[in-house]
$ cat work.txt   # compact mmCIF, C-alpha atoms
# COMPACT_ATOMS: atom_id res chain seq x y z
CA MET A 1 40.91 58.56 -11.93
CA VAL A 2 39.22 59.83 -8.78
CA LEU A 3 35.95 60.14 -10.67
CA THR A 4 36.06 56.55 -11.94
CA ILE A 5 36.78 55.23 -8.45
CA THR A 6 33.85 57.11 -6.94
CA LEU A 7 31.64 55.83 -9.78
CA ARG A 8 32.75 52.27 -9.09
CA HIS A 9 32.19 52.82 -5.39
CA SER A 10 28.67 54.08 -5.90
CA LYS A 11 27.90 51.07 -8.15
CA ILE A 12 29.27 48.63 -5.59
CA LYS A 13 27.32 50.41 -2.89
CA LYS A 14 24.10 50.01 -4.90
CA VAL A 15 24.79 46.33 -5.51
CA LEU A 16 25.60 45.83 -1.84
CA ILE A 17 22.36 47.53 -0.82
CA ILE A 18 20.38 45.27 -3.19
CA ILE A 19 22.13 42.17 -1.82
CA ARG A 20 21.56 43.28 1.76
CA GLU A 21 17.87 43.92 1.08
CA PHE A 22 17.54 40.56 -0.60
CA PHE A 23 19.10 38.73 2.33
CA PHE A 24 17.09 40.73 4.84
CA LYS A 25 13.88 39.79 3.00
CA LEU A 26 14.98 36.16 2.93
CA LEU A 27 15.71 36.30 6.67
CA ILE A 28 12.26 37.68 7.46
CA GLU A 29 10.59 35.03 5.30
CA LYS A 30 12.67 32.27 6.87
CA PHE A 31 11.96 33.63 10.34
CA GLY A 32 8.24 33.52 9.57
CA GLU A 33 8.44 29.95 8.30
CA ASN A 34 10.66 28.37 10.88
CA GLY A 35 9.14 28.91 14.25
CA ILE A 36 6.52 30.49 16.41
CA ASN A 37 7.45 33.98 17.52
CA SER A 38 8.96 33.88 21.00
CA LEU A 39 6.44 36.47 22.21
CA VAL A 40 3.49 34.14 21.67
CA LYS A 41 5.24 30.80 22.17
CA VAL A 42 4.47 30.64 25.91
CA LYS A 43 0.80 31.43 25.30
CA VAL A 44 0.56 28.81 22.52
CA ASP A 45 2.21 26.20 24.77
CA ASP A 46 -0.30 26.88 27.54
CA LEU A 47 -3.22 26.56 25.14
CA ILE A 48 -1.85 23.29 23.70
CA ARG A 49 -1.54 21.89 27.23
CA LEU A 50 -5.15 22.87 27.91
CA GLY A 51 -6.17 20.60 25.02
CA LEU A 52 -7.44 23.26 22.61
CA THR A 53 -7.57 22.57 18.87
CA ASN A 54 -5.52 24.61 16.38
CA TYR A 55 -8.54 26.67 15.36
CA GLU A 56 -9.44 27.38 18.97
CA ILE A 57 -5.86 28.49 19.68
CA LEU A 58 -5.91 30.85 16.71
CA GLU A 59 -9.27 32.24 17.86
CA GLU A 60 -7.95 32.76 21.38
CA LEU A 61 -4.88 34.61 20.07
CA ASP A 62 -7.07 36.75 17.86
CA GLU A 63 -9.31 37.66 20.82
CA ASN A 64 -6.25 38.73 22.86
CA ASN A 65 -5.42 41.37 20.21
CA ILE A 66 -2.10 39.82 19.22
CA PRO A 67 -0.76 41.46 16.01
CA GLU A 68 -1.37 39.49 12.85
CA THR A 69 2.32 39.42 11.90
CA ILE A 70 3.27 37.23 14.85
CA ILE A 71 0.21 34.96 14.93
CA PRO A 72 1.50 31.43 14.11
CA THR A 73 0.22 29.43 11.19
CA HIS A 74 -1.82 26.24 11.44
CA LYS A 75 1.25 24.21 10.48
CA GLN A 76 3.45 25.85 13.11
CA ILE A 77 0.97 24.96 15.88
CA SER A 78 0.76 21.36 14.61
CA ASN A 79 4.56 21.15 14.62
CA ARG A 80 4.65 22.45 18.19
CA ARG A 81 2.11 19.80 19.18
CA PHE A 82 4.24 17.11 17.53
CA TYR A 83 7.31 18.43 19.41
CA TYR A 84 5.40 18.14 22.70
CA LYS A 85 4.30 14.59 21.92
CA ASN A 86 7.89 13.49 21.32
CA LYS A 87 9.02 15.30 24.46
CA ILE A 88 6.40 13.52 26.58
CA LEU A 89 7.34 10.15 25.08
CA TYR A 90 11.03 10.81 25.69
CA ASP A 91 10.34 11.88 29.30
CA LEU A 92 8.17 8.83 29.92
CA LYS A 93 10.68 6.40 28.50
CA ASP A 94 13.90 7.81 29.92
CA HIS A 95 12.99 9.67 33.10
CA SER A 96 9.65 8.47 34.44
CA LYS A 97 9.50 4.85 33.34
CA GLY A 98 9.62 3.59 36.91
CA SER A 99 6.73 5.72 38.14
CA TYR A 100 4.74 5.00 34.97
CA ASP A 101 5.20 1.24 35.41
CA LYS A 102 4.16 1.58 39.05
CA TRP A 103 1.01 3.47 38.06
CA VAL A 104 0.17 0.85 35.40
CA ASN A 105 0.67 -2.01 37.88
CA GLU A 106 -1.62 -0.31 40.39
CA HIS A 107 -4.46 -0.14 37.85
CA LYS A 108 -3.73 -3.39 36.05
CA GLY A 109 -6.34 -5.44 37.86
CA SER A 110 -7.11 -8.95 36.83
CA LEU A 111 -10.35 -9.49 34.93
CA SER A 112 -11.17 -12.52 37.05
CA ASN A 113 -10.98 -10.56 40.34
CA CYS A 114 -12.42 -7.16 39.44
CA GLY A 115 -16.03 -6.01 39.43
CA ASP A 116 -18.07 -5.84 36.25
CA HIS A 117 -17.78 -2.06 35.89
CA ASP A 118 -14.28 -1.46 37.29
CA PHE A 119 -11.99 0.19 34.78
CA ILE A 120 -8.72 -1.65 34.40
CA ILE A 121 -5.66 -1.32 32.21
CA LEU A 122 -5.80 -4.43 30.07
CA SER A 123 -2.26 -3.92 28.83
CA SER A 124 0.31 -1.24 28.22
CA ASN A 125 3.31 -0.95 25.95
CA LEU A 126 6.06 1.66 26.18
CA LYS A 127 8.98 0.92 23.89
CA GLU A 128 11.21 3.45 22.13
CA GLN A 129 8.83 5.88 20.40
CA ASP A 130 5.75 3.69 20.81
CA PHE A 131 3.11 4.13 23.45
CA MET A 132 -0.08 2.11 23.79
CA LEU A 133 -2.50 1.85 26.67
CA LEU A 134 -5.58 -0.36 26.46
CA VAL A 135 -8.38 0.34 28.94
CA THR A 136 -11.59 -1.64 29.42
CA THR A 137 -14.00 -3.22 31.90
CA LYS A 138 -15.37 -6.72 32.17
CA ALA A 139 -18.84 -5.52 31.17
CA LEU A 140 -17.50 -3.72 28.09
CA LEU A 141 -15.58 -6.79 26.97
CA SER A 142 -18.68 -8.94 27.32
CA ASN A 143 -20.48 -6.60 24.86
CA SER A 144 -18.53 -8.27 22.09
CA LYS A 145 -19.71 -11.74 23.13
CA ALA A 146 -23.31 -10.63 23.61
CA GLN A 147 -23.42 -8.99 20.17
CA ALA A 148 -21.98 -12.07 18.44
CA GLU A 149 -24.49 -14.33 20.16
CA GLU A 150 -27.39 -12.06 19.21
CA THR A 151 -26.60 -11.68 15.51
CA GLN A 152 -24.45 -14.77 14.78
CA ALA A 153 -21.79 -12.47 13.32
CA SER A 154 -19.19 -10.40 15.11
CA TYR A 155 -19.21 -6.74 14.19
CA VAL A 156 -16.39 -4.35 15.02
CA ALA A 157 -16.22 -0.61 14.47
CA ILE A 158 -13.06 1.41 15.09
CA ASP A 159 -12.56 5.13 15.05
CA ALA A 160 -9.75 7.37 16.28
CA THR A 161 -9.89 10.94 17.45
CA HIS A 162 -7.05 13.40 18.03
CA LYS A 163 -8.93 15.96 20.04
CA LEU A 164 -9.66 14.06 23.24
CA ILE A 165 -6.05 13.83 24.35
CA SER A 166 -3.81 16.82 23.74
CA CYS A 167 -0.30 16.93 22.25
CA GLY A 168 -1.02 14.63 19.31
CA PHE A 169 -1.92 11.46 21.21
CA LYS A 170 -4.80 9.46 19.74
CA PHE A 171 -7.82 7.99 21.42
CA SER A 172 -9.42 5.05 19.60
CA THR A 173 -12.68 3.43 20.50
CA ILE A 174 -13.06 -0.23 19.61
CA ALA A 175 -16.77 -0.95 19.65
CA THR A 176 -19.50 -3.15 18.35
CA CYS A 177 -23.00 -2.36 17.20
CA THR A 178 -26.36 -4.03 17.73
CA MET A 179 -28.92 -4.64 14.98
CA GLN A 180 -30.77 -1.55 16.25
CA GLN A 181 -27.67 0.52 15.41
CA GLU A 182 -26.82 1.07 19.07
CA ILE A 183 -23.18 1.44 19.88
CA ALA A 184 -21.58 -0.78 22.53
CA ASP A 185 -17.95 -0.12 23.43
CA ILE A 186 -15.46 -2.93 23.88
CA ALA A 187 -12.23 -1.13 24.80
CA TYR A 188 -10.39 2.17 24.51
CA LEU A 189 -6.89 2.52 23.14
CA ILE A 190 -4.66 5.51 23.84
CA HIS A 191 -1.71 5.52 21.47
CA ALA A 192 1.03 7.76 20.15
CA HIS A 193 0.85 6.79 16.48
CA GLU A 194 -2.08 5.78 14.32
CA ASP A 195 -0.29 2.84 12.76
CA TYR A 196 -0.58 -0.88 12.03
CA LYS A 197 1.42 -1.77 15.14
CA SER A 198 -0.99 -0.06 17.55
CA TYR A 199 -4.19 -1.57 16.12
CA ASN A 200 -2.57 -4.97 15.77
CA TYR A 201 -1.56 -4.82 19.41
CA ALA A 202 -5.07 -3.80 20.54
CA ILE A 203 -6.79 -6.57 18.58
CA ASP A 204 -4.36 -9.20 19.85
CA GLU A 205 -4.82 -8.12 23.47
CA ILE A 206 -8.63 -8.00 23.27
CA SER A 207 -8.79 -11.40 21.53
CA GLU A 208 -6.56 -12.89 24.22
CA ALA A 209 -8.63 -11.39 27.07
CA LEU A 210 -11.89 -12.59 25.54
CA LYS A 211 -10.49 -16.07 25.04
CA THR A 212 -9.08 -16.47 28.56
CA HIS A 213 -11.73 -14.70 30.64
CA LEU A 214 -14.96 -15.06 28.69
CA ASP A 215 -14.18 -18.23 26.77
CA PHE A 216 -15.09 -16.56 23.50
CA ILE A 217 -13.15 -16.63 20.24
CA TRP A 218 -13.39 -13.16 18.74
CA GLN A 219 -13.46 -13.55 15.00
CA PRO A 220 -15.37 -10.89 13.09
CA GLN A 221 -16.70 -12.67 10.02
CA VAL A 222 -19.98 -13.00 8.22
CA LYS A 223 -19.66 -16.48 6.81
CA ILE A 224 -21.77 -18.06 9.58
CA TYR A 225 -24.33 -15.31 9.22
CA PHE A 226 -24.82 -16.01 5.51
CA ILE A 227 -25.07 -19.75 6.13
CA PHE A 228 -27.73 -19.02 8.75
CA LEU A 229 -29.62 -16.81 6.26
CA TYR A 230 -29.31 -19.47 3.55
CA PHE A 231 -30.88 -22.18 5.75
CA TYR A 232 -33.53 -19.74 6.99
CA SER A 233 -34.55 -18.85 3.42
CA LEU A 234 -34.58 -22.57 2.48
CA GLN A 235 -36.96 -23.25 5.38
CA CYS A 236 -39.20 -20.35 4.25
CA LEU A 237 -39.28 -21.69 0.69
CA THR A 238 -40.25 -25.20 1.80
CA PHE A 239 -42.95 -23.70 4.04
CA LEU A 240 -44.37 -21.66 1.12
CA ARG A 241 -44.32 -24.66 -1.21
CA SER A 242 -46.19 -26.81 1.32
CA MET B 1 -16.59 -0.82 9.98
CA SER B 2 -14.08 1.98 9.70
CA ASP B 3 -13.19 5.03 7.65
CA PHE B 4 -10.96 4.60 4.59
CA SER B 5 -7.82 4.38 6.71
CA PRO B 6 -5.24 2.11 4.99
CA VAL B 7 -3.79 1.19 8.39
CA LEU B 8 -7.08 -0.33 9.61
CA LYS B 9 -7.57 -2.05 6.27
CA LYS B 10 -4.17 -3.74 6.54
CA THR B 11 -4.71 -4.71 10.17
CA PHE B 12 -8.11 -6.26 9.63
CA SER B 13 -7.23 -8.09 6.43
CA GLU B 14 -4.34 -9.75 8.26
CA LYS B 15 -6.11 -10.46 11.54
CA PHE B 16 -9.53 -11.41 10.18
CA PRO B 17 -9.02 -12.35 6.51
CA GLU B 18 -12.54 -13.77 6.12
CA ALA B 19 -14.32 -10.69 7.44
CA ILE B 20 -16.05 -8.13 5.27
CA GLN B 21 -14.47 -4.73 5.87
CA GLY B 22 -17.23 -2.16 5.76
CA LYS B 23 -16.28 1.39 4.81
CA CYS B 24 -18.02 4.50 6.02
CA PHE B 25 -20.19 6.09 3.32
CA TYR B 26 -20.25 9.41 5.19
CA HIS B 27 -16.45 9.65 4.95
CA LEU B 28 -16.66 8.87 1.23
CA LYS B 29 -19.09 11.75 0.76
CA GLN B 30 -16.88 14.11 2.75
CA ASN B 31 -13.83 13.13 0.69
CA VAL B 32 -15.67 13.81 -2.57
CA LYS B 33 -17.08 17.09 -1.20
CA LYS B 34 -13.63 18.28 -0.13
CA ARG B 35 -12.05 17.44 -3.48
CA TYR B 36 -14.82 18.46 -5.87
CA LYS B 37 -16.86 21.12 -4.08
CA LYS B 38 -18.55 22.51 -7.21
CA LEU B 39 -19.34 19.11 -8.68
CA PHE B 40 -20.68 17.81 -5.38
CA LYS B 41 -23.36 20.52 -5.29
CA HIS B 42 -24.75 19.29 -8.61
CA LEU B 43 -24.47 15.56 -7.92
CA GLU B 44 -25.19 15.38 -4.20
CA VAL B 45 -28.61 13.74 -4.62
CA TYR B 46 -27.21 11.03 -6.90
CA ILE B 47 -24.21 10.39 -4.65
CA ASP B 48 -26.55 10.10 -1.63
CA HIS B 49 -28.44 7.33 -3.42
CA LEU B 50 -25.22 5.44 -4.20
CA GLY B 51 -24.97 4.51 -0.52
CA ASN B 52 -28.45 2.99 -0.55
CA CYS B 53 -27.83 0.61 -3.47
CA GLU B 54 -28.84 -2.91 -2.64
CA GLY B 55 -26.58 -4.73 -5.07
CA ASP B 56 -23.84 -4.51 -7.68
CA ARG B 57 -26.26 -4.14 -10.59
CA GLN B 58 -28.07 -1.24 -8.97
CA LEU B 59 -24.76 0.41 -8.06
CA ASN B 60 -23.34 0.08 -11.57
CA SER B 61 -26.45 1.43 -13.28
CA LEU B 62 -26.61 4.42 -10.91
CA TRP B 63 -22.90 5.06 -11.43
CA LYS B 64 -23.47 5.06 -15.21
CA LEU B 65 -26.23 7.64 -14.71
CA ILE B 66 -23.95 9.81 -12.56
CA LYS B 67 -21.21 9.66 -15.20
CA LYS B 68 -23.71 10.67 -17.89
CA GLU B 69 -25.03 13.53 -15.75
CA ALA B 70 -21.55 14.79 -14.91
CA LYS B 71 -20.45 14.78 -18.55
CA SER B 72 -23.61 16.44 -19.86
CA ASN B 73 -23.77 19.24 -17.29
CA PRO B 74 -22.02 22.31 -18.79
CA ASP B 75 -21.10 23.69 -15.34
CA ILE B 76 -19.02 20.69 -14.33
CA GLU B 77 -18.03 18.99 -17.59
CA ASP B 78 -14.44 20.31 -17.28
CA ILE B 79 -13.84 18.36 -14.04
CA ALA B 80 -16.14 15.43 -14.84
CA GLU B 81 -13.43 13.20 -16.33
CA ASP B 82 -11.11 13.85 -13.41
CA PHE B 83 -13.86 13.06 -10.91
CA ILE B 84 -14.84 9.84 -12.70
CA ASP B 85 -11.24 8.62 -12.77
CA TYR B 86 -10.79 9.49 -9.08
CA PHE B 87 -14.01 7.82 -7.97
CA GLU B 88 -13.42 4.65 -9.98
CA ASP B 89 -9.83 4.34 -8.74
CA GLU B 90 -10.65 5.00 -5.10
CA TYR B 91 -14.10 3.59 -4.44
CA MET B 92 -15.17 1.28 -7.25
CA ASN B 93 -12.31 -1.20 -6.96
CA GLU B 94 -12.72 -4.55 -5.23
CA ASP B 95 -10.72 -3.59 -2.13
CA ASN B 96 -12.61 -0.45 -1.27
CA ASN B 97 -16.21 -0.90 -2.42
CA ASN B 98 -17.91 -2.11 0.76
CA TRP B 99 -19.54 1.24 1.44
CA TYR B 100 -23.07 0.67 0.11
CA ILE B 101 -25.89 -1.13 1.91
CA GLY B 102 -25.87 -4.15 -0.41
CA ALA B 103 -22.22 -4.92 0.22
CA LEU B 104 -22.70 -5.30 3.97
CA PRO B 105 -24.47 -8.01 5.97
CA PRO B 106 -28.21 -7.33 6.33
CA GLY B 107 -29.11 -5.19 9.33
CA PHE B 108 -25.81 -3.33 9.63
CA GLY B 109 -25.46 0.31 8.61
CA ASN B 110 -22.92 1.66 6.13
CA THR B 111 -21.61 4.53 8.23
CA ASN B 112 -19.36 4.94 11.22
CA ASN B 113 -21.53 7.79 12.51
CA MET B 114 -22.44 6.11 15.78
CA LEU B 115 -18.78 6.09 16.81
CA GLU B 116 -18.24 9.63 15.59
CA GLY B 117 -21.23 10.68 17.69
CA HIS B 118 -19.83 8.81 20.67
CA HIS B 119 -16.52 10.69 20.37
CA ARG B 120 -18.35 13.96 19.96
CA TYR B 121 -20.28 13.29 23.17
CA LEU B 122 -17.02 12.57 25.03
CA LYS B 123 -15.49 15.80 23.69
CA GLU B 124 -18.55 17.76 24.82
CA GLN B 125 -18.39 16.23 28.28
CA ILE B 126 -14.65 16.66 28.79
CA PHE B 127 -13.77 19.91 27.02
CA GLU B 128 -17.20 21.52 26.64
CA TYR B 129 -16.38 21.25 22.96
CA LYS B 130 -19.06 22.64 20.67
CA THR B 131 -19.19 22.72 16.90
CA LYS B 132 -20.01 26.03 15.28
CA ASP B 133 -23.66 26.70 14.57
CA ILE B 134 -23.66 27.49 10.86
CA SER B 135 -27.27 28.66 10.91
CA LYS B 136 -26.28 31.89 12.74

$ encode --input "work.txt" --output "structure tokens"
Amino acid sequence: MVLTITLRHSKIKKVLIIIREFFFKLLIEKFGENGINSLVKVKVDDLIRLGLTNYEILEELDENNIPETIIPTHKQISNRRFYYKNKILYDLKDHSKGSYDKWVNEHKGSLSNCGDHDFIILSSNLKEQDFMLLVTTKALLSNSKAQAEETQASYVAIDATHKLISCGFKFSTIATCTMQQEIADIAYLIHAHEDYKSYNYAIDEISEALKTHLDFIWQPQVKIYFIFLYFYSLQCLTFLRS
Amino acid sequence: MSDFSPVLKKTFSEKFPEAIQGKCFYHLKQNVKKRYKKLFKHLEVYIDHLGNCEGDRQLNSLWKLIKKEAKSNPDIEDIAEDFIDYFEDEYMNEDNNNWYIGALPPGFGNTNNMLEGHHRYLKEQIFEYKTKDISK
């Protein structure tokens, strides 16, 4: 009887050890997946605030001889960046909205009063989780008009970058291009999300500003350009025939 | 002119429905290179020429040649079918095929490189950002 009990006990002990090991392994794996190790978190936060990219952060950690086991993954750093972005948005909306609005109003000069090269905030939007800030000058806006008059067709190029502003905010340049492939900026958009809403907002605001201040209807299209080419080729043909 | 971002495509088709939406050929090449690294090495020269096509006929005949080359090359024939399906679905349909010279108004380039360069310059000025020199 005693022997059987001890046998049972030893079996249970073995099973318990296996279960414990299994859960311990699971815990380590989960710990690795879920968050940045608290020992390096402060360092990672500082580097994110400095505006370094994920690869640069990993390089910096590697140079500081931090053990490989606690170096965060690419995804973990991205998640931390995303967390910071939401935190900034939350702080702006709920705690610093007054000072932000004051700052915007200070720089929101009117296009009719400002100098040609004075940077002004054309418009700003801060609602719930959305943030958009459109910056331009009078001279930059007039690039759009000048390009359309030169080529008879409005041309717009847009590109966003994530690396200019830290913590996941995007910086988009709205520009035009001359026939000599020279870039001419129109406005800059700083936004929280790269979505339809942000671009729609930027295009609406620029169109409105061009219409009211430069008396120009911004309508990128090539129809007029092809008509112009058609008449030009017709003229050439009649000249050749004569 | 933009990259293949669906957000920009939606915005521009709603705001300026009559405009031609040019797509960046450089981004197309990068997408293909990322997805089919081995195949891209063999077909890079052909794919480069796709961007310089001056019309639909030229584009279609070059695409036929690329398909033939991909299928006949023993090194890449296993992924050729997959690549052809991917390319035709993504870049040869009516919504997304304004990436070659002939599809754009005369005088305008088919890449967004000038803006990319502009952003790169800003990054260099602000963060002293430098890309790695792969020659070393």

$ atom_distance --input "work.txt" --atom1 "CA of Leu39 (chain B)" --atom2 "CA of Leu59 (chain B)"
19.5 Å

$ closest_residue --input "work.txt" --among "B:Gln125, B:Thr111, B:Lys67, B:Asp78" --to "Leu28 (chain B)" --atoms "only C-alpha atoms"
B:Thr111

$ interface_residues --input "work.txt" --of "chain B" --to "chain A" --cutoff "7 Å" --atoms "only C-alpha atoms" --output "list in words"
Met1, Ser2, Val7, Leu8, Thr11, Phe16, Glu18, Ala19, Ile20, Gly107, Phe108, Met114, Leu115 and Lys123 of chain B

$ atom_distance --input "work.txt" --atom1 "CA of Asn105 (chain A)" --atom2 "CA of Asn86 (chain A)"
23.8 Å

$ residues_around --input "work.txt" --residues "His74 (chain A)" --least-positions-apart "2" --cutoff "9 Å" --atoms "all atoms listed in the file" --output "mmCIF file with C-alpha atoms, keeping the file's coordinate frame"
data_model
loop_
_atom_site.group_PDB
_atom_site.id
_atom_site.type_symbol
_atom_site.label_atom_id
_atom_site.label_comp_id
_atom_site.auth_asym_id
_atom_site.auth_seq_id
_atom_site.Cartn_x
_atom_site.Cartn_y
_atom_site.Cartn_z
ATOM 1 C CA ASN A 54 -5.520 24.610 16.380
ATOM 2 C CA TYR A 55 -8.540 26.670 15.360
ATOM 3 C CA LEU A 58 -5.910 30.850 16.710
ATOM 4 C CA PRO A 72 1.500 31.430 14.110
ATOM 5 C CA GLN A 76 3.450 25.850 13.110
ATOM 6 C CA ILE A 77 0.970 24.960 15.880
ATOM 7 C CA SER A 78 0.760 21.360 14.610
ATOM 8 C CA ASN A 79 4.560 21.150 14.620
#

$ atom_distance --input "work.txt" --atom1 "CA of His191 (chain A)" --atom2 "CA of Glu56 (chain A)"
23.3 Å

$ closest_residue --input "work.txt" --among "A:Lys127, A:Arg80, A:Lys13, A:His162" --to "Val42 (chain A)" --atoms "all atoms listed in the file"
A:Arg80

$ residues_around --input "work.txt" --residues "Asn97 (chain B)" --least-positions-apart "4" --cutoff "10 Å" --atoms "all atoms listed in the file" --output "count of residues only"
11

$ residues_around --input "work.txt" --residues "region 82-84 of chain A" --least-positions-apart "6" --cutoff "10 Å" --atoms "all atoms listed in the file" --output "list in words"
Asp45, Ile48, Arg49, Gln76, Tyr90, Ser166, Cys167, Gly168 and Phe169 of chain A

$ decode --input "work.txt" --residues "region 76-90 of chain A" --atoms "N, CA and C atoms" --output "compact mmCIF listing (two decimals), in the first residue's frame"
# COMPACT_ATOMS: atom_id res chain seq x y z
N GLN A 76 7.97 45.37 -31.81
CA GLN A 76 7.79 45.95 -30.47
C GLN A 76 8.09 47.45 -30.48
N ILE A 77 9.13 47.85 -31.23
CA ILE A 77 9.47 49.28 -31.29
C ILE A 77 8.36 50.04 -32.03
N SER A 78 7.85 49.43 -33.11
CA SER A 78 6.75 50.07 -33.87
C SER A 78 5.53 50.26 -32.99
N ASN A 79 5.23 49.22 -32.18
CA ASN A 79 4.09 49.31 -31.27
C ASN A 79 4.27 50.42 -30.24
N ARG A 80 5.50 50.57 -29.76
CA ARG A 80 5.81 51.62 -28.78
C ARG A 80 5.61 53.00 -29.42
N ARG A 81 6.03 53.10 -30.66
CA ARG A 81 5.87 54.36 -31.41
C ARG A 81 4.38 54.71 -31.56
N PHE A 82 3.59 53.67 -31.89
CA PHE A 82 2.14 53.84 -32.05
C PHE A 82 1.50 54.28 -30.73
N TYR A 83 1.99 53.69 -29.62
CA TYR A 83 1.50 54.04 -28.28
C TYR A 83 1.78 55.52 -28.00
N TYR A 84 2.97 55.97 -28.37
CA TYR A 84 3.35 57.37 -28.15
C TYR A 84 2.48 58.32 -28.96
N LYS A 85 2.21 57.91 -30.21
CA LYS A 85 1.38 58.75 -31.08
C LYS A 85 0.00 58.97 -30.45
N ASN A 86 -0.60 57.87 -30.00
CA ASN A 86 -1.92 57.98 -29.38
C ASN A 86 -1.88 58.80 -28.11
N LYS A 87 -0.78 58.67 -27.36
CA LYS A 87 -0.63 59.42 -26.11
C LYS A 87 -0.54 60.93 -26.40
N ILE A 88 0.24 61.27 -27.43
CA ILE A 88 0.37 62.69 -27.81
C ILE A 88 -0.99 63.25 -28.25
N LEU A 89 -1.69 62.46 -29.08
CA LEU A 89 -3.01 62.91 -29.56
C LEU A 89 -3.97 63.12 -28.39
N TYR A 90 -3.96 62.16 -27.46
CA TYR A 90 -4.84 62.23 -26.30
C TYR A 90 -4.51 63.47 -25.46
